[in-house]
Amino acid sequence: MTMELDEQARAILRLNDMGGYTLPTHGLYPYQWNWDSAFAAWGFATFDPDRAWTEMETLMSGQWEDGMVPHILFHRPDAGYFPGPDVWQGRGPIPSSGISQPPVAASFMAKMLDLDPSGEPRARALWSKLKKWHAWFMEWRLDKGAVCITHPWEAGRDNAPDWDVAMMAIDASDVGEYTRRDTSHVDPAMRPTKFDYDRYLKLVQIGVSVGWDHEKLREINPFRVADPTMTFTLLRAQRDLLAMGRRFGEDVSEISEWITTLEIGAETLWNPELGAYDSRDALTGMFNNVRSNASALCWYAGINDPRAVPATKRMLDAAEYAIASFDPEAEGFEPLRYWRGPVWPIMNYLVGSGMEEQGQIEMAARIRQDTARLMELNGFAEYYDPNEGTPAGGGSFTWTAAVWLGWAGRPSERQRGAA
Ligand code: GLC
């Protein structure tokens with residue numbers, strides 16, 4: 001069974017391979033996405049290290065002069081996706097979007113180096129680019145040390161309930177006419193609503209109006225939310241960057257300072273009333289009161305926080321398959337709508353592997369086993385219903401396959417985790 005699924009997972013990576021980069025899936029996502037690509041590189045690293053390094057290099061070749069690495073690189077025009085390069089008008093070396101995505105690349109590069117030490121020269125060349133990207137976050141995106149997003153898509157959790165209050169405050173009445181493409185590939189009931197889409201586009205129009213000038217955006221953008229996904233992944237990525245920097249003989253003093261700042265920032269996301277890490281609106285100072293799978297990323301960031309255990313356990317127990325993207329007991333939970341309920345294997349990996357590292361063995365084993373079970377029963381989907389396990393969203397999904405190859409599909413480790 002495992003062998004068969006290994007082969008299927010590798011076949012998906014090959015199927016979505018466009019040469020130097022990998023699509024999340026054909027049709028729905030016809031370009032290179034930032035954090036998907038980092039997962040893809042790690043997946044390739046399990047059987048084709050050379051291709052893995054190329055993936056990372058292509059991703060970083062889209063870096064803007066100011067250090068940002070965009071969330072989408074539009075390598076070749078594709079009419080099947082909206083909003084495309086003409087709408088975004090990014091200002092990098094490759095047509096791109098104007099926002100970033102969770103910076104998991106450095107952490108996956110560390111994994112790639114473990115799997116393929118001979119890739120060290122290529123890793124060294126990428127290291128300073130990654131540092132420049134991390135510096136960009138530290139310069140433009142902090143609020144009290146926590147990392148903010150300026151568009152819901154930046155967090156990678158597009159329509160999470162975290163953004164509802166901030167989205168409500170955005171006036172999108174003048175956004176104009178447009179035709180969505182996502183709902184022609186996937187059932188609209190599994191995708192964000194029109195209310196959300198109007199605001200996604202309005203925020204893009206605002207970015208374009210100032211030429212994606214981050215300084216101006218900090219002043220005028222109506223959406224600025226400190227986010228656990230960003231804060232925890234960047235904190236983790238800084239730790240990995242630092243460890244690699246030491247190994248390469250680089251000066252890492254600045255990275256140590258960034259880690260301290262982000263640790264302080266992470267604490268500002270702790271919502272005592274919710275008993276969980278939460279997103280916080282940087283414009284109003286208010287918590288959003290959302291328990292999500294991103295709340296459980298503290299362990300991945302190296303923070304072994306006993307305060308976070310009870311609510312996380314409850315979330316695991318509230319559904320058949322761990323871990324739902326939104327608390328199944330919360331009002332508004334929708335088991336099939338994208339980031340408002342479904343289980344996402346990529347988040348399961350980040351949360352579960354973080355727990356393994358921090359000795360939260362029981363929760364980690366549950367998450368790893370559920371992730372494997374979902375794929376064994378229902379293949380490599382974009383996400384799954386946490387109660388029924390039904391596969392949903394896009395199929396033949398790159399990063400889901402990568403999670404199988406790199407983590408969920410390694411049964412000996414799964415048993416060790418369960419022991
Ligand atoms: C959706 C997801 C995002 C992902 C992208 C491509 O927008 O929310 O996290 O990067 O699809 O898979």
# chains A, B, ... in the order shown; residues from 1 in each chain; ligands from 1
$ select_by_dssp --residues "range 130-349 of chain A" --states "alpha helix (DSSP H)" --output "CSV table (one decimal) with N, CA and C atoms, in the first residue's frame"
chain,number,residue,atom,x,y,z
A,130,LEU,N,17.3,34.2,0.9
A,130,LEU,CA,16.4,33.9,1.9
A,130,LEU,C,16.5,34.9,3.1
A,131,LYS,N,17.7,35.2,3.4
A,131,LYS,CA,17.9,36.2,4.5
A,131,LYS,C,17.3,37.6,4.1
A,132,LYS,N,17.5,37.9,2.9
A,132,LYS,CA,17.0,39.2,2.4
A,132,LYS,C,15.5,39.2,2.4
A,133,TRP,N,14.9,38.1,2.1
A,133,TRP,CA,13.4,38.0,2.2
A,133,TRP,C,12.9,38.1,3.7
A,134,HIS,N,13.6,37.4,4.6
A,134,HIS,CA,13.3,37.4,6.0
A,134,HIS,C,13.4,38.9,6.5
A,135,ALA,N,14.5,39.6,6.0
A,135,ALA,CA,14.7,41.0,6.4
A,135,ALA,C,13.5,41.8,6.0
A,136,TRP,N,13.0,41.5,4.8
A,136,TRP,CA,11.9,42.3,4.3
A,136,TRP,C,10.7,42.2,5.2
A,137,PHE,N,10.4,41.0,5.7
A,137,PHE,CA,9.3,40.9,6.7
A,137,PHE,C,9.6,41.7,7.9
A,138,MET,N,10.8,41.6,8.4
A,138,MET,CA,11.1,42.3,9.6
A,138,MET,C,11.0,43.8,9.4
A,139,GLU,N,11.3,44.3,8.2
A,139,GLU,CA,11.2,45.8,8.0
A,139,GLU,C,9.8,46.3,7.8
A,140,TRP,N,9.0,45.5,7.1
A,140,TRP,CA,7.7,46.1,6.6
A,140,TRP,C,6.5,45.5,7.3
A,164,ASP,N,-12.7,37.9,8.9
A,164,ASP,CA,-14.0,38.4,8.7
A,164,ASP,C,-14.3,39.8,9.2
A,165,VAL,N,-13.8,40.1,10.4
A,165,VAL,CA,-14.1,41.5,10.9
A,165,VAL,C,-13.4,42.5,10.1
A,166,ALA,N,-12.2,42.3,9.8
A,166,ALA,CA,-11.4,43.3,9.0
A,166,ALA,C,-12.0,43.4,7.6
A,167,MET,N,-12.4,42.3,7.0
A,167,MET,CA,-13.0,42.3,5.6
A,167,MET,C,-14.3,43.1,5.6
A,168,MET,N,-15.1,43.0,6.7
A,168,MET,CA,-16.3,43.7,6.8
A,168,MET,C,-16.1,45.2,6.7
A,182,ASP,N,-12.0,30.4,-10.5
A,182,ASP,CA,-11.9,29.3,-9.6
A,182,ASP,C,-13.2,28.4,-9.5
A,183,THR,N,-14.3,29.1,-9.6
A,183,THR,CA,-15.6,28.4,-9.5
A,183,THR,C,-16.0,27.6,-10.7
A,184,SER,N,-15.2,27.8,-11.8
A,184,SER,CA,-15.5,26.9,-12.9
A,184,SER,C,-14.7,25.6,-12.8
A,185,HIS,N,-13.7,25.6,-11.9
A,185,HIS,CA,-12.9,24.4,-11.7
A,185,HIS,C,-13.4,23.5,-10.6
A,194,LYS,N,-18.6,35.6,-2.9
A,194,LYS,CA,-18.4,36.8,-3.7
A,194,LYS,C,-18.1,38.0,-2.8
A,195,PHE,N,-18.7,38.0,-1.6
A,195,PHE,CA,-18.4,39.1,-0.7
A,195,PHE,C,-16.8,39.1,-0.4
A,196,ASP,N,-16.3,38.0,-0.2
A,196,ASP,CA,-14.8,37.9,0.0
A,196,ASP,C,-14.1,38.3,-1.2
A,197,TYR,N,-14.5,37.7,-2.4
A,197,TYR,CA,-13.7,38.0,-3.6
A,197,TYR,C,-13.7,39.4,-4.0
A,198,ASP,N,-14.8,40.2,-3.8
A,198,ASP,CA,-14.8,41.6,-4.0
A,198,ASP,C,-13.7,42.3,-3.2
A,199,ARG,N,-13.6,41.9,-2.0
A,199,ARG,CA,-12.6,42.5,-1.1
A,199,ARG,C,-11.2,42.1,-1.5
A,200,TYR,N,-11.0,40.8,-1.9
A,200,TYR,CA,-9.7,40.4,-2.3
A,200,TYR,C,-9.2,41.3,-3.4
A,201,LEU,N,-10.1,41.5,-4.4
A,201,LEU,CA,-9.7,42.4,-5.5
A,201,LEU,C,-9.5,43.8,-5.2
A,202,LYS,N,-10.4,44.3,-4.3
A,202,LYS,CA,-10.2,45.7,-3.9
A,202,LYS,C,-8.8,45.9,-3.3
A,203,LEU,N,-8.4,45.0,-2.5
A,203,LEU,CA,-7.1,45.1,-1.8
A,203,LEU,C,-6.0,45.1,-2.9
A,204,VAL,N,-6.2,44.3,-3.9
A,204,VAL,CA,-5.2,44.3,-5.0
A,204,VAL,C,-5.2,45.6,-5.7
A,205,GLN,N,-6.3,46.2,-6.0
A,205,GLN,CA,-6.4,47.5,-6.6
A,205,GLN,C,-5.7,48.6,-5.8
A,206,ILE,N,-5.9,48.5,-4.5
A,206,ILE,CA,-5.2,49.5,-3.6
A,206,ILE,C,-3.7,49.3,-3.7
A,207,GLY,N,-3.2,48.1,-3.7
A,207,GLY,CA,-1.8,47.8,-3.9
A,207,GLY,C,-1.2,48.4,-5.2
A,208,VAL,N,-2.0,48.1,-6.3
A,208,VAL,CA,-1.6,48.6,-7.6
A,208,VAL,C,-1.5,50.1,-7.6
A,209,SER,N,-2.5,50.8,-6.9
A,209,SER,CA,-2.6,52.2,-7.0
A,209,SER,C,-1.4,52.9,-6.4
A,214,HIS,N,5.5,49.5,-0.2
A,214,HIS,CA,5.2,48.9,1.1
A,214,HIS,C,5.0,50.0,2.2
A,215,GLU,N,5.8,51.1,2.0
A,215,GLU,CA,5.7,52.1,3.0
A,215,GLU,C,4.4,52.8,2.9
A,216,LYS,N,4.0,53.1,1.7
A,216,LYS,CA,2.7,53.7,1.5
A,216,LYS,C,1.5,52.8,2.0
A,217,LEU,N,1.7,51.5,1.6
A,217,LEU,CA,0.7,50.5,2.0
A,217,LEU,C,0.5,50.4,3.5
A,218,ARG,N,1.6,50.6,4.2
A,218,ARG,CA,1.5,50.5,5.7
A,218,ARG,C,0.6,51.7,6.2
A,219,GLU,N,0.6,52.8,5.4
A,219,GLU,CA,-0.3,53.9,5.9
A,219,GLU,C,-1.7,53.7,5.4
A,220,ILE,N,-1.9,53.3,4.1
A,220,ILE,CA,-3.3,53.4,3.6
A,220,ILE,C,-4.0,52.1,3.5
A,228,PRO,N,-0.9,34.3,13.2
A,228,PRO,CA,-0.1,33.2,13.7
A,228,PRO,C,0.6,32.4,12.6
A,229,THR,N,0.0,32.2,11.4
A,229,THR,CA,0.7,31.5,10.4
A,229,THR,C,2.0,32.1,10.0
A,230,MET,N,1.9,33.4,9.7
A,230,MET,CA,3.1,34.2,9.3
A,230,MET,C,4.2,34.2,10.5
A,231,THR,N,3.7,34.6,11.7
A,231,THR,CA,4.6,34.8,12.8
A,231,THR,C,5.3,33.5,13.1
A,232,PHE,N,4.5,32.4,13.2
A,232,PHE,CA,5.2,31.1,13.6
A,232,PHE,C,6.1,30.5,12.5
A,233,THR,N,5.6,30.7,11.3
A,233,THR,CA,6.5,30.1,10.2
A,233,THR,C,7.8,30.9,10.0
A,234,LEU,N,7.6,32.2,10.2
A,234,LEU,CA,8.9,33.1,10.1
A,234,LEU,C,9.8,32.8,11.2
A,235,LEU,N,9.2,32.7,12.4
A,235,LEU,CA,10.1,32.4,13.6
A,235,LEU,C,10.9,31.1,13.4
A,236,ARG,N,10.1,30.1,12.9
A,236,ARG,CA,10.8,28.8,12.6
A,236,ARG,C,11.8,28.9,11.5
A,237,ALA,N,11.5,29.7,10.5
A,237,ALA,CA,12.4,29.8,9.3
A,237,ALA,C,13.6,30.6,9.8
A,238,GLN,N,13.5,31.5,10.7
A,238,GLN,CA,14.7,32.2,11.1
A,238,GLN,C,15.6,31.3,11.9
A,239,ARG,N,15.0,30.4,12.7
A,239,ARG,CA,15.9,29.5,13.4
A,239,ARG,C,16.6,28.6,12.5
A,240,ASP,N,15.9,28.1,11.4
A,240,ASP,CA,16.6,27.2,10.4
A,240,ASP,C,17.6,28.0,9.6
A,241,LEU,N,17.3,29.2,9.3
A,241,LEU,CA,18.3,30.1,8.6
A,241,LEU,C,19.6,30.3,9.4
A,242,LEU,N,19.3,30.5,10.7
A,242,LEU,CA,20.5,30.8,11.6
A,242,LEU,C,21.3,29.5,11.7
A,243,ALA,N,20.7,28.3,11.8
A,243,ALA,CA,21.5,27.1,11.9
A,243,ALA,C,22.3,26.9,10.7
A,244,MET,N,21.7,27.1,9.5
A,244,MET,CA,22.4,26.9,8.3
A,244,MET,C,23.5,28.0,8.1
A,245,GLY,N,23.2,29.2,8.5
A,245,GLY,CA,24.2,30.3,8.4
A,245,GLY,C,25.5,29.9,9.2
A,246,ARG,N,25.3,29.4,10.4
A,246,ARG,CA,26.4,29.0,11.3
A,246,ARG,C,27.2,27.9,10.5
A,247,ARG,N,26.6,27.0,10.0
A,247,ARG,CA,27.2,25.9,9.3
A,247,ARG,C,28.0,26.5,8.1
A,253,SER,N,24.4,37.3,13.6
A,253,SER,CA,24.0,38.1,14.8
A,253,SER,C,22.6,38.7,14.5
A,254,GLU,N,22.4,39.3,13.3
A,254,GLU,CA,21.1,39.9,13.1
A,254,GLU,C,20.0,38.9,13.2
A,255,ILE,N,20.2,37.7,12.7
A,255,ILE,CA,19.1,36.7,12.7
A,255,ILE,C,18.7,36.4,14.2
A,256,SER,N,19.8,36.3,15.1
A,256,SER,CA,19.5,36.1,16.5
A,256,SER,C,18.5,37.2,17.0
A,257,GLU,N,18.8,38.4,16.6
A,257,GLU,CA,17.9,39.5,17.1
A,257,GLU,C,16.5,39.4,16.6
A,258,TRP,N,16.4,39.0,15.3
A,258,TRP,CA,15.1,38.8,14.7
A,258,TRP,C,14.3,37.7,15.5
A,259,ILE,N,15.0,36.7,15.9
A,259,ILE,CA,14.4,35.6,16.6
A,259,ILE,C,13.8,36.1,18.0
A,260,THR,N,14.6,36.9,18.6
A,260,THR,CA,14.1,37.5,19.9
A,260,THR,C,12.9,38.4,19.7
A,261,THR,N,12.9,39.2,18.6
A,261,THR,CA,11.8,40.1,18.3
A,261,THR,C,10.5,39.2,18.0
A,262,LEU,N,10.7,38.2,17.2
A,262,LEU,CA,9.5,37.4,16.9
A,262,LEU,C,9.0,36.6,18.0
A,263,GLU,N,9.9,36.2,19.0
A,263,GLU,CA,9.4,35.5,20.2
A,263,GLU,C,8.5,36.4,21.0
A,264,ILE,N,8.9,37.6,21.1
A,264,ILE,CA,8.1,38.6,21.8
A,264,ILE,C,6.8,38.8,21.1
A,265,GLY,N,6.9,38.9,19.7
A,265,GLY,CA,5.7,39.1,18.9
A,265,GLY,C,4.7,38.0,19.0
A,266,ALA,N,5.2,36.7,19.1
A,266,ALA,CA,4.4,35.6,19.2
A,266,ALA,C,3.5,35.6,20.5
A,267,GLU,N,4.2,36.1,21.5
A,267,GLU,CA,3.4,36.2,22.8
A,267,GLU,C,2.2,37.2,22.7
A,309,VAL,N,-2.1,23.6,25.0
A,309,VAL,CA,-2.5,22.1,24.9
A,309,VAL,C,-4.0,21.9,25.1
A,310,PRO,N,-4.7,22.4,26.1
A,310,PRO,CA,-6.1,22.0,26.3
A,310,PRO,C,-6.9,22.3,25.1
A,311,ALA,N,-6.9,23.5,24.5
A,311,ALA,CA,-7.7,23.9,23.4
A,311,ALA,C,-7.4,23.1,22.2
A,312,THR,N,-6.1,22.8,22.0
A,312,THR,CA,-5.7,22.0,20.8
A,312,THR,C,-6.2,20.6,20.9
A,313,LYS,N,-6.2,20.0,22.1
A,313,LYS,CA,-6.7,18.7,22.3
A,313,LYS,C,-8.2,18.6,22.0
A,314,ARG,N,-8.9,19.7,22.5
A,314,ARG,CA,-10.3,19.7,22.2
A,314,ARG,C,-10.6,19.8,20.8
A,315,MET,N,-9.8,20.5,20.1
A,315,MET,CA,-10.0,20.6,18.6
A,315,MET,C,-9.8,19.3,17.9
A,316,LEU,N,-8.8,18.6,18.4
A,316,LEU,CA,-8.5,17.2,17.8
A,316,LEU,C,-9.7,16.3,18.1
A,317,ASP,N,-10.2,16.4,19.3
A,317,ASP,CA,-11.3,15.4,19.7
A,317,ASP,C,-12.6,15.8,19.1
A,345,PRO,N,-3.6,18.8,4.7
A,345,PRO,CA,-2.4,18.0,5.1
A,345,PRO,C,-1.2,18.9,5.3
A,346,ILE,N,-1.0,19.9,4.5
A,346,ILE,CA,0.2,20.7,4.7
A,346,ILE,C,0.3,21.4,6.1
A,347,MET,N,-0.9,21.8,6.6
A,347,MET,CA,-0.9,22.3,7.9
A,347,MET,C,-0.7,21.2,8.9
A,348,ASN,N,-1.3,20.0,8.6
A,348,ASN,CA,-1.1,18.9,9.5
A,348,ASN,C,0.4,18.6,9.7
A,349,TYR,N,1.1,18.7,8.6
A,349,TYR,CA,2.6,18.4,8.7
A,349,TYR,C,3.3,19.5,9.5
$ residues_near_ligand --ligand "ligand 1" --cutoff "9 Å" --atoms "only C-alpha atoms and all ligand atoms" --output "ChimeraX atom specification"
/A:23-25,28-29,31-37,71-72,101-102,152-159,338-339,382,394,397-399
$ residues_around --residues "Ala9 in chain A" --least-positions-apart "4" --cutoff "10 Å" --atoms "only C-alpha atoms" --output "mmCIF file with N, CA and C atoms, in the first residue's frame"
data_model
loop_
_atom_site.group_PDB
_atom_site.id
_atom_site.type_symbol
_atom_site.label_atom_id
_atom_site.label_comp_id
_atom_site.auth_asym_id
_atom_site.auth_seq_id
_atom_site.Cartn_x
_atom_site.Cartn_y
_atom_site.Cartn_z
ATOM 1 N N MET A 3 3.988 1.497 -0.782
ATOM 2 C CA MET A 3 4.774 1.581 -2.013
ATOM 3 C C MET A 3 3.945 2.189 -3.134
ATOM 4 N N GLU A 4 2.696 1.689 -3.213
ATOM 5 C CA GLU A 4 1.813 2.177 -4.263
ATOM 6 C C GLU A 4 1.565 3.674 -4.120
ATOM 7 N N LEU A 5 1.297 4.078 -2.883
ATOM 8 C CA LEU A 5 1.024 5.500 -2.661
ATOM 9 C C LEU A 5 2.279 6.334 -2.890
ATOM 10 N N LEU A 13 3.831 14.694 -8.486
ATOM 11 C CA LEU A 13 4.866 15.725 -8.607
ATOM 12 C C LEU A 13 5.343 15.837 -10.057
ATOM 13 N N ARG A 14 5.512 14.691 -10.684
ATOM 14 C CA ARG A 14 5.953 14.708 -12.094
ATOM 15 C C ARG A 14 4.885 15.325 -13.000
ATOM 16 N N LEU A 15 3.638 14.968 -12.717
ATOM 17 C CA LEU A 15 2.527 15.474 -13.529
ATOM 18 C C LEU A 15 2.428 16.998 -13.458
ATOM 19 N N GLY A 43 9.323 17.551 -1.394
ATOM 20 C CA GLY A 43 8.820 16.281 -1.944
ATOM 21 C C GLY A 43 9.798 15.721 -2.968
ATOM 22 N N MET A 375 -5.135 10.137 3.168
ATOM 23 C CA MET A 375 -4.542 9.917 1.847
ATOM 24 C C MET A 375 -4.724 8.464 1.405
ATOM 25 N N GLY A 379 -6.867 9.506 -1.432
ATOM 26 C CA GLY A 379 -5.914 10.087 -2.384
ATOM 27 C C GLY A 379 -5.395 11.449 -1.967
ATOM 28 N N PHE A 380 -4.807 12.141 -2.954
ATOM 29 C CA PHE A 380 -4.045 13.355 -2.655
ATOM 30 C C PHE A 380 -4.826 14.605 -3.035
ATOM 31 N N SER A 396 -5.177 15.621 -7.269
ATOM 32 C CA SER A 396 -3.760 15.455 -7.665
ATOM 33 C C SER A 396 -2.908 16.626 -7.204
ATOM 34 N N PHE A 397 -2.959 16.884 -5.925
ATOM 35 C CA PHE A 397 -2.363 18.101 -5.394
ATOM 36 C C PHE A 397 -0.911 17.916 -4.972
ATOM 37 N N THR A 398 -0.068 18.813 -5.491
ATOM 38 C CA THR A 398 1.376 18.702 -5.280
ATOM 39 C C THR A 398 1.771 18.646 -3.809
ATOM 40 N N TRP A 399 1.366 19.625 -3.024
ATOM 41 C CA TRP A 399 1.914 19.675 -1.660
ATOM 42 C C TRP A 399 1.349 18.574 -0.781
ATOM 43 N N THR A 400 0.148 18.067 -1.126
ATOM 44 C CA THR A 400 -0.387 16.928 -0.385
ATOM 45 C C THR A 400 0.497 15.704 -0.662
ATOM 46 N N ALA A 401 0.856 15.525 -1.930
ATOM 47 C CA ALA A 401 1.744 14.411 -2.293
ATOM 48 C C ALA A 401 3.097 14.555 -1.597
ATOM 49 N N ALA A 402 3.585 15.789 -1.507
ATOM 50 C CA ALA A 402 4.886 16.021 -0.857
ATOM 51 C C ALA A 402 4.824 15.651 0.626
ATOM 52 N N VAL A 403 3.698 15.970 1.258
ATOM 53 C CA VAL A 403 3.551 15.641 2.680
ATOM 54 C C VAL A 403 3.548 14.121 2.883
ATOM 55 N N TRP A 404 2.977 13.403 1.933
ATOM 56 C CA TRP A 404 3.029 11.937 2.017
ATOM 57 C C TRP A 404 4.486 11.462 1.916
ATOM 58 N N LEU A 405 5.180 11.955 0.911
ATOM 59 C CA LEU A 405 6.550 11.477 0.670
ATOM 60 C C LEU A 405 7.506 11.841 1.810
ATOM 61 N N GLY A 409 3.722 9.366 4.940
ATOM 62 C CA GLY A 409 3.825 8.029 4.363
ATOM 63 C C GLY A 409 5.046 7.249 4.824
#
$ atom_distance --atom1 "CA of Pro335 in chain A" --atom2 "CA of Trp163 in chain A"
17.9 Å
$ select_by_dssp --residues "range 251-359 of chain A" --states "strand (DSSP E or B)" --output "NGL selection string"
:A and (270-271 or 276-277 or 280-281 or 287 or 292 or 324 or 326 or 343)
$ write_last_selection --atoms "all heavy atoms" --output "mmCIF file, in the first residue's frame"
data_model
loop_
_atom_site.group_PDB
_atom_site.id
_atom_site.type_symbol
_atom_site.label_atom_id
_atom_site.label_comp_id
_atom_site.auth_asym_id
_atom_site.auth_seq_id
_atom_site.Cartn_x
_atom_site.Cartn_y
_atom_site.Cartn_z
ATOM 1 N N TRP A 270 -1.085 35.559 21.897
ATOM 2 C CA TRP A 270 -1.767 34.686 22.869
ATOM 3 C C TRP A 270 -3.013 35.400 23.379
ATOM 4 O O TRP A 270 -2.936 36.472 23.963
ATOM 5 C CB TRP A 270 -0.841 34.317 24.031
ATOM 6 C CG TRP A 270 -1.588 33.473 25.027
ATOM 7 C CD1 TRP A 270 -2.082 33.845 26.228
ATOM 8 C CD2 TRP A 270 -1.977 32.096 24.847
ATOM 9 N NE1 TRP A 270 -2.762 32.808 26.828
ATOM 10 C CE2 TRP A 270 -2.706 31.721 26.000
ATOM 11 C CE3 TRP A 270 -1.785 31.152 23.826
ATOM 12 C CZ2 TRP A 270 -3.241 30.441 26.165
ATOM 13 C CZ3 TRP A 270 -2.312 29.877 23.994
ATOM 14 C CH2 TRP A 270 -3.028 29.532 25.148
ATOM 15 N N ASN A 271 -4.157 34.805 23.130
ATOM 16 C CA ASN A 271 -5.431 35.380 23.573
ATOM 17 C C ASN A 271 -5.892 34.599 24.799
ATOM 18 O O ASN A 271 -6.373 33.468 24.670
ATOM 19 C CB ASN A 271 -6.456 35.283 22.435
ATOM 20 C CG ASN A 271 -7.816 35.813 22.828
ATOM 21 O OD1 ASN A 271 -8.116 35.981 24.008
ATOM 22 N ND2 ASN A 271 -8.649 36.073 21.828
ATOM 23 N N ALA A 276 -5.932 30.336 23.351
ATOM 24 C CA ALA A 276 -5.259 29.907 22.109
ATOM 25 C C ALA A 276 -4.514 31.090 21.485
ATOM 26 O O ALA A 276 -4.816 32.251 21.784
ATOM 27 C CB ALA A 276 -6.294 29.386 21.112
ATOM 28 N N TYR A 277 -3.557 30.755 20.637
ATOM 29 C CA TYR A 277 -2.950 31.790 19.809
ATOM 30 C C TYR A 277 -3.982 32.218 18.770
ATOM 31 O O TYR A 277 -4.692 31.384 18.208
ATOM 32 C CB TYR A 277 -1.674 31.278 19.134
ATOM 33 C CG TYR A 277 -0.542 31.129 20.117
ATOM 34 C CD1 TYR A 277 -0.231 29.904 20.693
ATOM 35 C CD2 TYR A 277 0.219 32.239 20.490
ATOM 36 C CE1 TYR A 277 0.802 29.771 21.610
ATOM 37 C CE2 TYR A 277 1.259 32.118 21.418
ATOM 38 C CZ TYR A 277 1.543 30.887 21.965
ATOM 39 O OH TYR A 277 2.557 30.765 22.876
ATOM 40 N N ARG A 280 -4.642 39.006 15.339
ATOM 41 C CA ARG A 280 -4.968 40.283 16.014
ATOM 42 C C ARG A 280 -4.955 41.379 14.961
ATOM 43 O O ARG A 280 -4.024 41.488 14.178
ATOM 44 C CB ARG A 280 -3.896 40.531 17.082
ATOM 45 C CG ARG A 280 -4.006 41.806 17.848
ATOM 46 C CD ARG A 280 -3.038 41.827 19.052
ATOM 47 N NE ARG A 280 -1.657 41.492 18.754
ATOM 48 C CZ ARG A 280 -0.811 42.260 18.062
ATOM 49 N NH1 ARG A 280 -1.206 43.417 17.583
ATOM 50 N NH2 ARG A 280 0.431 41.870 17.858
ATOM 51 N N ASP A 281 -6.041 42.162 14.935
ATOM 52 C CA ASP A 281 -6.125 43.243 13.962
ATOM 53 C C ASP A 281 -5.148 44.341 14.372
ATOM 54 O O ASP A 281 -5.287 44.923 15.450
ATOM 55 C CB ASP A 281 -7.569 43.769 13.925
ATOM 56 C CG ASP A 281 -7.806 44.662 12.728
ATOM 57 O OD1 ASP A 281 -6.945 45.524 12.443
ATOM 58 O OD2 ASP A 281 -8.851 44.502 12.067
ATOM 59 N N PHE A 287 -8.366 41.267 19.149
ATOM 60 C CA PHE A 287 -8.234 39.863 18.760
ATOM 61 C C PHE A 287 -9.427 39.449 17.900
ATOM 62 O O PHE A 287 -10.516 40.018 18.031
ATOM 63 C CB PHE A 287 -8.206 38.967 19.996
ATOM 64 C CG PHE A 287 -6.844 38.843 20.615
ATOM 65 C CD1 PHE A 287 -6.626 39.249 21.931
ATOM 66 C CD2 PHE A 287 -5.789 38.315 19.899
ATOM 67 C CE1 PHE A 287 -5.366 39.126 22.511
ATOM 68 C CE2 PHE A 287 -4.524 38.186 20.469
ATOM 69 C CZ PHE A 287 -4.311 38.590 21.779
ATOM 70 N N SER A 292 -7.843 28.134 15.269
ATOM 71 C CA SER A 292 -7.668 27.522 13.947
ATOM 72 C C SER A 292 -6.499 26.547 14.006
ATOM 73 O O SER A 292 -5.840 26.409 15.041
ATOM 74 C CB SER A 292 -7.366 28.614 12.917
ATOM 75 O OG SER A 292 -6.051 29.104 13.134
ATOM 76 N N ALA A 324 -8.828 20.191 12.090
ATOM 77 C CA ALA A 324 -9.683 21.072 11.289
ATOM 78 C C ALA A 324 -9.062 22.468 11.201
ATOM 79 O O ALA A 324 -8.389 22.913 12.133
ATOM 80 C CB ALA A 324 -11.057 21.155 11.948
ATOM 81 N N PHE A 326 -10.639 25.159 11.224
ATOM 82 C CA PHE A 326 -11.384 26.048 12.109
ATOM 83 C C PHE A 326 -12.061 25.156 13.142
ATOM 84 O O PHE A 326 -12.568 24.075 12.811
ATOM 85 C CB PHE A 326 -12.409 26.840 11.280
ATOM 86 C CG PHE A 326 -13.260 27.815 12.054
ATOM 87 C CD1 PHE A 326 -12.751 28.526 13.141
ATOM 88 C CD2 PHE A 326 -14.578 28.033 11.684
ATOM 89 C CE1 PHE A 326 -13.546 29.435 13.841
ATOM 90 C CE2 PHE A 326 -15.384 28.942 12.381
ATOM 91 C CZ PHE A 326 -14.856 29.643 13.463
ATOM 92 N N VAL A 343 -9.701 19.871 6.686
ATOM 93 C CA VAL A 343 -8.348 19.494 7.097
ATOM 94 C C VAL A 343 -7.406 19.697 5.912
ATOM 95 O O VAL A 343 -7.708 19.253 4.800
ATOM 96 C CB VAL A 343 -8.288 17.988 7.467
ATOM 97 C CG1 VAL A 343 -6.872 17.576 7.828
ATOM 98 C CG2 VAL A 343 -9.241 17.654 8.581
#
$ closest_residue --among "A:Gly27, A:Glu273, A:Gly92, A:Glu331" --to "Arg181 in chain A" --atoms "only C-alpha atoms"
A:Gly27
$ closest_residue --among "A:Glu357, A:Asp227, A:Glu334, A:Asp278" --to "Val147 in chain A" --atoms "only C-alpha atoms"
A:Asp227
$ atom_distance --atom1 "CA of Leu59 in chain A" --atom2 "CA of Val252 in chain A"
23.3 Å
$ closest_residue --among "A:Ser128, A:Thr22, A:Thr54, A:Lys144" --to "Asp251 in chain A" --atoms "only C-alpha atoms"
A:Ser128
$ atom_distance --atom1 "CA of Arg410 in chain A" --atom2 "CA of Arg373 in chain A"
12.3 Å
$ closest_residue --among "A:Thr58, A:Gln360, A:Ala38, A:Ala322" --to "Ala110 in chain A" --atoms "only C-alpha atoms"
A:Ala38
$ residues_around --residues "Ile367 in chain A" --least-positions-apart "4" --cutoff "8 Å" --atoms "only C-alpha atoms" --output "list in words"
Tyr321, Ala322, Ile323, Asn348, Gly352, Met363 and Thr371 of chain A
